[in-house]
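Participant: Just dropping this structure here.
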Amino acid sequence: MKSLAELKAIREKMQNQVGLRAEDHNHTRVVVGMATCGIAAGARPVLTKLSQEVQERGLTDKVAVTQTGCIGLCQFEPIVEVMVPGEPKVTYIRMDAEKAVEVVNRHLIGGHVVEEYTLSSTDMK
Amino acid sequence: MYRSHVLVCGGTGCTSSGSPQIIERLNDEIVKQGLQDEVAVIQTGCHGLCALGPIMIVYPDASFYSMVKVEDIPEIVSEHLLKGRVVTRLLYDETVTSGGVKALIDTDFYKKQHRVALRNCGVINPEVIDEYIGTGGYEALGKVLTEMTPDDVIQILLDSGLRGRGGGGFPTGLKWKLAKQNDADQKYVCCNADEGDPGAFMDRSVLEGDPHVVLEAMAIAGYAIGANQGYIYVRAEYPIAVDRLKIAIEQAREYNLLGKDIFGTGFDFDIDLRLGAGAFVCGEETALMTSIEGKRGEPRPRPPFPAQKGLFGKPTILNNVETYANIPQIILNGAEWFASMGTEKSKGTKVFALGGKIHNTGLVEIPMGTTLREVIEEIGGGIPNGKKFKAAQTGGPSGGCIPAEHFDIPIDYDNLISIGSMMGSGGLIVMDEDDCMVDIAKFFLEFTVEESCGKCTPCRVGTRRMLEILTKITKGQATMEDLDKLEELCYYIKNNSLCGLGQTAPNPVLSTLRYFRDEYEAHIKEKRCPAGVCKSLLSYVIDRDKCRGCTLCARNCPAGAIIGSVKNPHIIDAEKCVKCGACMEKCKFGAIVKK
């Protein structure tokens, strides 16, 4: 290593990964349903994609991606819930990896709920 | 890229309670469940809560598992890591509330702590330099080399008010300034990692959990005083610390963060390890340097001070591990940030190793000025079994006892000295009503007698005479004249010893005499140990009215000292009794009393 720029490059690469270990009450929580029903419906690639995107885009200081169990809407799995502190919970349904990237871009970064994937967009009575 | 990091403590405490086996099993189970590309297992340094080891934290949700057993691992992997269902029954119980799981930073143990020196301990993998860099590591060195003059560096330390964390409390900036002023063809930067106070292990934890912070700070010191060689003197009894330091030095050299022309600035600096054999006196600065030179570790008179003539006769600075661990943060955050913590004359934080009669044995870092009450009752969780606090011992064999009357004193260098103790390296041993203060003083004197290097007479002979008198007192054979003699000897040894070891050796006696003179007098005049510790002054007696003659005590007596037949009251033969107390523990009727 010959320069500060090189040091900075390593720092940037690493800090989002180490940032995963931060503890903060103000984190936005992104929760993926990983019960048997979720896993069977394909929740794992959704979870890994979300986690990867959040780290790559340097969001680990604001966003924590975790799993949860079955919330009882097995027919809508894979389900992803986004909980921004102080805002109502948003529930995304029938997710896949591509939709997950869209949620990261539009919701977590852009601040706009991706209405077409949410539970309220279905005609569930 | 992993979605979850499982941090397992690899400090000495958790290693001895089995964390390597936990890591092995974790890795096996993770592969079994096909999670190896999603979950990373990371071995870290100490989290501080050593009493509850092995400790494991799962991120990003920060679930804190304590006392983890190998057989719990499959459940944690399949439930928590795969399905996200936290195994609540295995969590640290302080984090479990009726309303759900509480964040670790909100528990009593952590909420009053402020981690500066221990910032990375338990958070990063100490064997991976990139993780240290990821938390801002080596940025302070970069800043110093490219933006600051050596005088700037020294000024920032002076302004910060940082004082030596090894115990003396000498201002670090001043130490560096003196060494810089002395011109020489060669200067040295040394790190004192010869942590020897019984019960203190903060330096070990920093070296095990965040070794690069010490390397970085030493390189900064080298730049400030004009040295290009550093030595870390670490005791060989710290094998994990030694290994991690070796790895860290190797990685820093690979990245050219140690070596020639660091960051292309023309500054050269390298560090070598020197292992000590564990002699307490080698924690004294002149003895330490003599030992690095390859000679027998004995102190020499000062002046000349190390800043003038130190290692190999060249200007040298010697700082303690914890002192160094503060420095990169001071450079990055500024002197004002550091000076905003603490009391008027003691800035920043201090790490304490809590031990003795306290719930949360372990390592805590608190802002200077926190009271003893907060440390013991809140962070430490109080004294077990509803016993009463008697005293806290700080500063190890060089320090003294703080009695209950000073429970609310803000802890800093000057306050502790004013009440006859000292900060020392930060050991804090809590004693309750069952501890005999004469016995404690005797314990520390036994240690100093053993560790006295023998070079000067006051320490070599004087401490031995003190121990003899203390032994007489605990056996009930001493007179009041002996007590006067003991006190006189204390001052004599204090004033005439060559180095810190002898000069401070009488402190445990002096401070217990100051606050607990009545206990000494009870031993001498009444031939009685009020706490019931000193065996020679104890006797166990069976209460005839309470004894049912069940024979349980007689069957458990290792000395065959209890006589009596079934259903008849028993008697203890005082001649044969070894005063182990086994009978009293076994008796179901409370018929045996200690007098």
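If you're wondering about the labels, chains in the structure tokens are A, B, ... by order shown, residues count from 1 in each chain, ligands from 1 in order shown.
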Report as a PyMOL selection string all protein, DNA and RNA residues lying within 12 Å of Val104 of chain A, evaluated on only C-alpha atoms, omitting residues in the same chain fewer than 3 positions from it.
Facilitator: chain A and resi 28+30+46-47+49-59+63+65+80+82+92+97-101+107-114
Participant: Output C-alpha atoms of each residue in that selection to a file, as an mmCIF file, in the first residue's frame.
Facilitator:
data_model
loop_
_atom_site.group_PDB
_atom_site.id
_atom_site.type_symbol
_atom_site.label_atom_id
_atom_site.label_comp_id
_atom_site.auth_asym_id
_atom_site.auth_seq_id
_atom_site.Cartn_x
_atom_site.Cartn_y
_atom_site.Cartn_z
ATOM 1 C CA THR A 28 -35.011 0.490 9.249
ATOM 2 C CA VAL A 30 -36.311 -5.343 6.515
ATOM 3 C CA VAL A 46 -34.769 -12.854 -1.697
ATOM 4 C CA LEU A 47 -33.086 -12.651 1.686
ATOM 5 C CA LYS A 49 -30.228 -10.505 -2.458
ATOM 6 C CA LEU A 50 -31.619 -7.930 -0.041
ATOM 7 C CA SER A 51 -28.709 -8.368 2.329
ATOM 8 C CA GLN A 52 -26.195 -8.126 -0.506
ATOM 9 C CA GLU A 53 -27.785 -5.002 -1.997
ATOM 10 C CA VAL A 54 -27.949 -3.263 1.375
ATOM 11 C CA GLN A 55 -24.279 -3.942 1.981
ATOM 12 C CA GLU A 56 -23.123 -3.056 -1.512
ATOM 13 C CA ARG A 57 -24.933 0.220 -1.467
ATOM 14 C CA GLY A 58 -23.579 1.206 1.912
ATOM 15 C CA LEU A 59 -26.904 1.147 3.712
ATOM 16 C CA VAL A 63 -30.945 -0.747 7.358
ATOM 17 C CA VAL A 65 -31.999 -7.201 6.988
ATOM 18 C CA VAL A 80 -40.862 -9.059 2.981
ATOM 19 C CA VAL A 82 -40.191 -3.073 5.689
ATOM 20 C CA TYR A 92 -44.494 -6.892 0.217
ATOM 21 C CA ALA A 97 -34.773 -11.369 -6.190
ATOM 22 C CA GLU A 98 -35.552 -8.856 -8.924
ATOM 23 C CA LYS A 99 -38.445 -7.336 -7.042
ATOM 24 C CA ALA A 100 -36.179 -7.171 -3.991
ATOM 25 C CA VAL A 101 -33.706 -4.993 -5.899
ATOM 26 C CA HIS A 107 -38.311 2.205 -1.169
ATOM 27 C CA LEU A 108 -35.139 1.988 0.945
ATOM 28 C CA ILE A 109 -33.184 4.515 -1.094
ATOM 29 C CA GLY A 110 -35.920 6.497 -2.837
ATOM 30 C CA GLY A 111 -38.354 6.562 0.055
ATOM 31 C CA HIS A 112 -41.376 5.571 -2.042
ATOM 32 C CA VAL A 113 -43.371 2.450 -1.312
ATOM 33 C CA VAL A 114 -43.523 0.109 -4.311
#
Participant: Could you produce a table of the residues of chain B lying within 8 Å of chain A, with the nearest pair of atoms per residue and their separation in Å rounded to one decimal, using only C-alpha atoms, ordered by chain and increasing residue number, as a tab-separated table?
Facilitator:
residue	atom	partner	partner_atom	distance
B:Met1	CA	A:Gln52	CA	6.1
B:Tyr2	CA	A:Gln52	CA	7.1
B:Arg3	CA	A:Ser51	CA	4.9
B:Ser4	CA	A:Leu20	CA	7.8
B:His5	CA	A:Arg21	CA	7.5
B:Glu38	CA	A:Thr48	CA	6.7
B:Tyr59	CA	A:Arg21	CA	5.6
B:Pro60	CA	A:Leu20	CA	5.5
B:Asp61	CA	A:Thr66	CA	6.5
B:Ala62	CA	A:Glu23	CA	6.8
B:Leu82	CA	A:Met34	CA	7.1
B:Lys83	CA	A:Met34	CA	4.7
B:Gly84	CA	A:Gln67	CA	4.4
B:Arg85	CA	A:Thr68	CA	6.1
B:Ala103	CA	A:Glu23	CA	7.7
B:Ile105	CA	A:Glu23	CA	7.6
B:Val123	CA	A:Arg21	CA	7.0
B:Ile124	CA	A:Val18	CA	7.3
B:Asp130	CA	A:Met14	CA	6.6
B:Glu131	CA	A:Met14	CA	6.3
B:Ile133	CA	A:Arg11	CA	5.3
B:Gly134	CA	A:Gln15	CA	4.2
B:Thr135	CA	A:Gln15	CA	6.1
B:Gly136	CA	A:Arg11	CA	6.7
B:Tyr138	CA	A:Leu7	CA	7.9
B:Glu139	CA	A:Leu7	CA	7.7
B:Gly142	CA	A:Leu4	CA	6.4
B:Tyr255	CA	A:Met1	CA	5.1
B:Asn256	CA	A:Met1	CA	5.6
B:Leu257	CA	A:Met1	CA	7.3
B:Ile262	CA	A:Lys2	CA	6.9
B:Phe263	CA	A:Lys2	CA	4.7
B:Gly264	CA	A:Lys2	CA	5.5
Participant: Output N, CA and C atoms for every residue in the selection just made, as a tab-separated table (two decimals), in the first residue's frame.
Facilitator:
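Generated file (selection_25.tsv):
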chain	number	residue	atom	x	y	z
B	1	MET	N	-20.21	-11.90	0.08
B	1	MET	CA	-21.00	-11.03	0.95
B	1	MET	C	-22.02	-11.83	1.74
B	2	TYR	N	-22.00	-11.67	3.07
B	2	TYR	CA	-22.85	-12.48	3.93
B	2	TYR	C	-24.02	-11.66	4.46
B	3	ARG	N	-25.16	-12.32	4.63
B	3	ARG	CA	-26.30	-11.58	5.16
B	3	ARG	C	-26.28	-11.54	6.68
B	4	SER	N	-25.55	-12.44	7.29
B	4	SER	CA	-25.53	-12.48	8.74
B	4	SER	C	-24.12	-12.78	9.23
B	5	HIS	N	-23.70	-12.11	10.27
B	5	HIS	CA	-22.40	-12.37	10.88
B	5	HIS	C	-22.63	-12.94	12.28
B	38	GLU	N	-24.09	-17.62	3.12
B	38	GLU	CA	-24.97	-16.57	3.64
B	38	GLU	C	-24.56	-16.09	5.02
B	59	TYR	N	-25.51	-10.97	14.21
B	59	TYR	CA	-25.91	-9.73	13.54
B	59	TYR	C	-26.53	-10.09	12.21
B	60	PRO	N	-27.41	-9.23	11.65
B	60	PRO	CA	-27.70	-7.85	12.03
B	60	PRO	C	-28.68	-7.66	13.18
B	61	ASP	N	-29.33	-8.70	13.69
B	61	ASP	CA	-30.32	-8.42	14.72
B	61	ASP	C	-29.72	-8.30	16.11
B	62	ALA	N	-28.39	-8.52	16.24
B	62	ALA	CA	-27.69	-8.32	17.51
B	62	ALA	C	-28.26	-9.14	18.66
B	82	LEU	N	-31.26	-19.97	10.03
B	82	LEU	CA	-32.01	-20.31	8.84
B	82	LEU	C	-33.39	-19.63	8.84
B	83	LYS	N	-34.14	-19.85	9.92
B	83	LYS	CA	-35.53	-19.39	9.89
B	83	LYS	C	-35.75	-18.06	10.59
B	84	GLY	N	-34.73	-17.56	11.26
B	84	GLY	CA	-34.88	-16.24	11.87
B	84	GLY	C	-35.66	-16.26	13.18
B	85	ARG	N	-35.81	-17.45	13.78
B	85	ARG	CA	-36.49	-17.49	15.07
B	85	ARG	C	-35.44	-17.51	16.17
B	103	ALA	N	-32.14	-4.55	23.36
B	103	ALA	CA	-30.82	-4.43	22.75
B	103	ALA	C	-29.75	-4.52	23.83
B	105	ILE	N	-27.10	-2.88	24.12
B	105	ILE	CA	-26.64	-1.58	24.62
B	105	ILE	C	-27.60	-0.99	25.65
B	123	VAL	N	-15.98	-6.76	18.23
B	123	VAL	CA	-16.70	-6.30	17.04
B	123	VAL	C	-16.00	-6.75	15.76
B	124	ILE	N	-14.67	-6.71	15.76
B	124	ILE	CA	-13.97	-7.08	14.54
B	124	ILE	C	-13.20	-8.39	14.75
B	130	ASP	N	-8.13	-6.02	7.27
B	130	ASP	CA	-9.16	-5.28	6.54
B	130	ASP	C	-10.34	-4.89	7.44
B	131	GLU	N	-10.63	-5.75	8.42
B	131	GLU	CA	-11.74	-5.41	9.32
B	131	GLU	C	-11.38	-4.20	10.16
B	133	ILE	N	-9.30	-1.85	9.26
B	133	ILE	CA	-9.35	-0.70	8.34
B	133	ILE	C	-10.80	-0.29	8.10
B	134	GLY	N	-11.68	-1.28	8.05
B	134	GLY	CA	-13.10	-1.01	7.83
B	134	GLY	C	-13.74	-0.17	8.92
B	135	THR	N	-13.15	-0.16	10.11
B	135	THR	CA	-13.68	0.68	11.18
B	135	THR	C	-12.89	1.98	11.31
B	136	GLY	N	-12.13	2.32	10.26
B	136	GLY	CA	-11.37	3.57	10.29
B	136	GLY	C	-9.93	3.38	10.72
B	138	TYR	N	-5.98	2.80	10.80
B	138	TYR	CA	-4.82	3.36	10.09
B	138	TYR	C	-5.11	4.69	9.42
B	139	GLU	N	-6.34	5.21	9.60
B	139	GLU	CA	-6.61	6.54	9.06
B	139	GLU	C	-5.91	7.61	9.88
B	142	GLY	N	-2.43	7.77	8.71
B	142	GLY	CA	-2.39	8.47	7.43
B	142	GLY	C	-2.51	9.98	7.62
B	255	TYR	N	0.98	-4.78	4.07
B	255	TYR	CA	0.30	-3.60	3.55
B	255	TYR	C	1.21	-2.38	3.57
B	256	ASN	N	2.43	-2.57	4.03
B	256	ASN	CA	3.38	-1.47	4.16
B	256	ASN	C	2.86	-0.37	5.10
B	257	LEU	N	2.11	-0.80	6.10
B	257	LEU	CA	1.71	0.15	7.14
B	257	LEU	C	2.74	0.14	8.26
B	262	ILE	N	6.33	4.62	4.66
B	262	ILE	CA	4.90	4.37	4.88
B	262	ILE	C	4.05	5.46	4.20
B	263	PHE	N	3.03	5.05	3.46
B	263	PHE	CA	2.17	5.96	2.67
B	263	PHE	C	2.97	6.85	1.74
B	264	GLY	N	4.17	6.40	1.36
B	264	GLY	CA	4.99	7.20	0.45
B	264	GLY	C	5.46	8.52	1.02
Participant: Which residue is closest to Leu215 of chain B? Choose from B:Asp243, B:Asp37, B:Glu237, B:Asp272 and count only C-alpha atoms.
Facilitator: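 Looking at the shortest contact to Leu215 of chain B, the residue is B:Asp272.
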Participant: Which residue out of A:Ser120, A:Asn26, A:Ala41, A:Asn105 has the minimum interatomic distance to Gln75 of chain A when only C-alpha atoms are used?
Facilitator: A:Ala41
Participant: Using only C-alpha atoms for the distances, tell me which of B:Ser565, B:Glu147, B:Arg300, B:Gly355 is nearest to Ser497 of chain B.
Facilitator: B:Arg300
Participant: Taking the DSSP secondary structure from the backbone, can you list the residues of chain A that are strand (DSSP E), as a list in words?
Facilitator: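 Here is the list: Thr28, Arg29, Val30, Val31, Val32, Gly33, Val63, Ala64, Val65, Thr66, Gln67, Thr68, Val80, Glu81, Val82, Met83, Val90, Thr91 and Tyr92 of chain A.
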Participant: Quote the spacing between atom CA of Leu258 of chain B and atom CA of Asp151 of chain B in Å to one decimal place.
Facilitator: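 Separating atom CA of Leu258 of chain B from atom CA of Asp151 of chain B is a distance of 21.5 Å.
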Participant: Where in segment 271-428 of chain B does DSSP assign helix (DSSP H, G or I), given as an NGL selection string?
Facilitator: :B and (280-283 or 285-292 or 311-313 or 321-333 or 335-339 or 372-379 or 384-386 or 396-398 or 404-406 or 413-418)
Participant: Can you tell me, as a list in words, what residues are no more than 8 Å from Ala227 of chain B when counting only C-alpha atoms, ignoring any on the same chain fewer than 4 positions away?
Facilitator: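 Neighbouring residues, sequence-local ones excluded: Gln186, Lys187, Tyr188, Val189, Ala221, Gly222, Tyr223 and Phe269 of chain B.
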Participant: Skip Lys525 of chain B itself and residues of its chain fewer than 2 positions away, then list as a compact mmCIF listing (two decimals) with C-alpha atoms, in the first residue's frame all residues within 12 Å of it, counting only C-alpha atoms.
Facilitator:
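Here's the written file out_28.txt:
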# COMPACT_ATOMS: atom_id res chain seq x y z
CA ILE B 473 -1.35 -11.12 63.27
CA THR B 474 -3.47 -13.60 61.37
CA LYS B 475 -2.34 -16.33 63.76
CA GLY B 476 -3.25 -14.27 66.76
CA GLN B 477 0.37 -14.16 67.98
CA ALA B 478 1.09 -10.47 67.45
CA THR B 479 1.25 -7.65 69.97
CA MET B 480 0.31 -4.00 69.59
CA GLU B 481 4.02 -3.20 69.36
CA ASP B 482 4.17 -5.38 66.25
CA LEU B 483 1.45 -3.28 64.70
CA ARG B 517 -7.68 -0.70 61.96
CA ASP B 518 -10.31 -2.25 64.18
CA GLU B 519 -9.95 -5.53 62.30
CA TYR B 520 -6.21 -5.58 62.91
CA GLU B 521 -6.82 -4.82 66.59
CA ALA B 522 -9.44 -7.53 66.88
CA HIS B 523 -6.89 -10.05 65.64
CA LYS B 527 -7.49 -13.07 69.05
CA ARG B 528 -10.51 -13.02 66.81
CA CYS B 529 -11.00 -12.67 63.05
CA LEU B 537 -8.37 -17.84 65.07
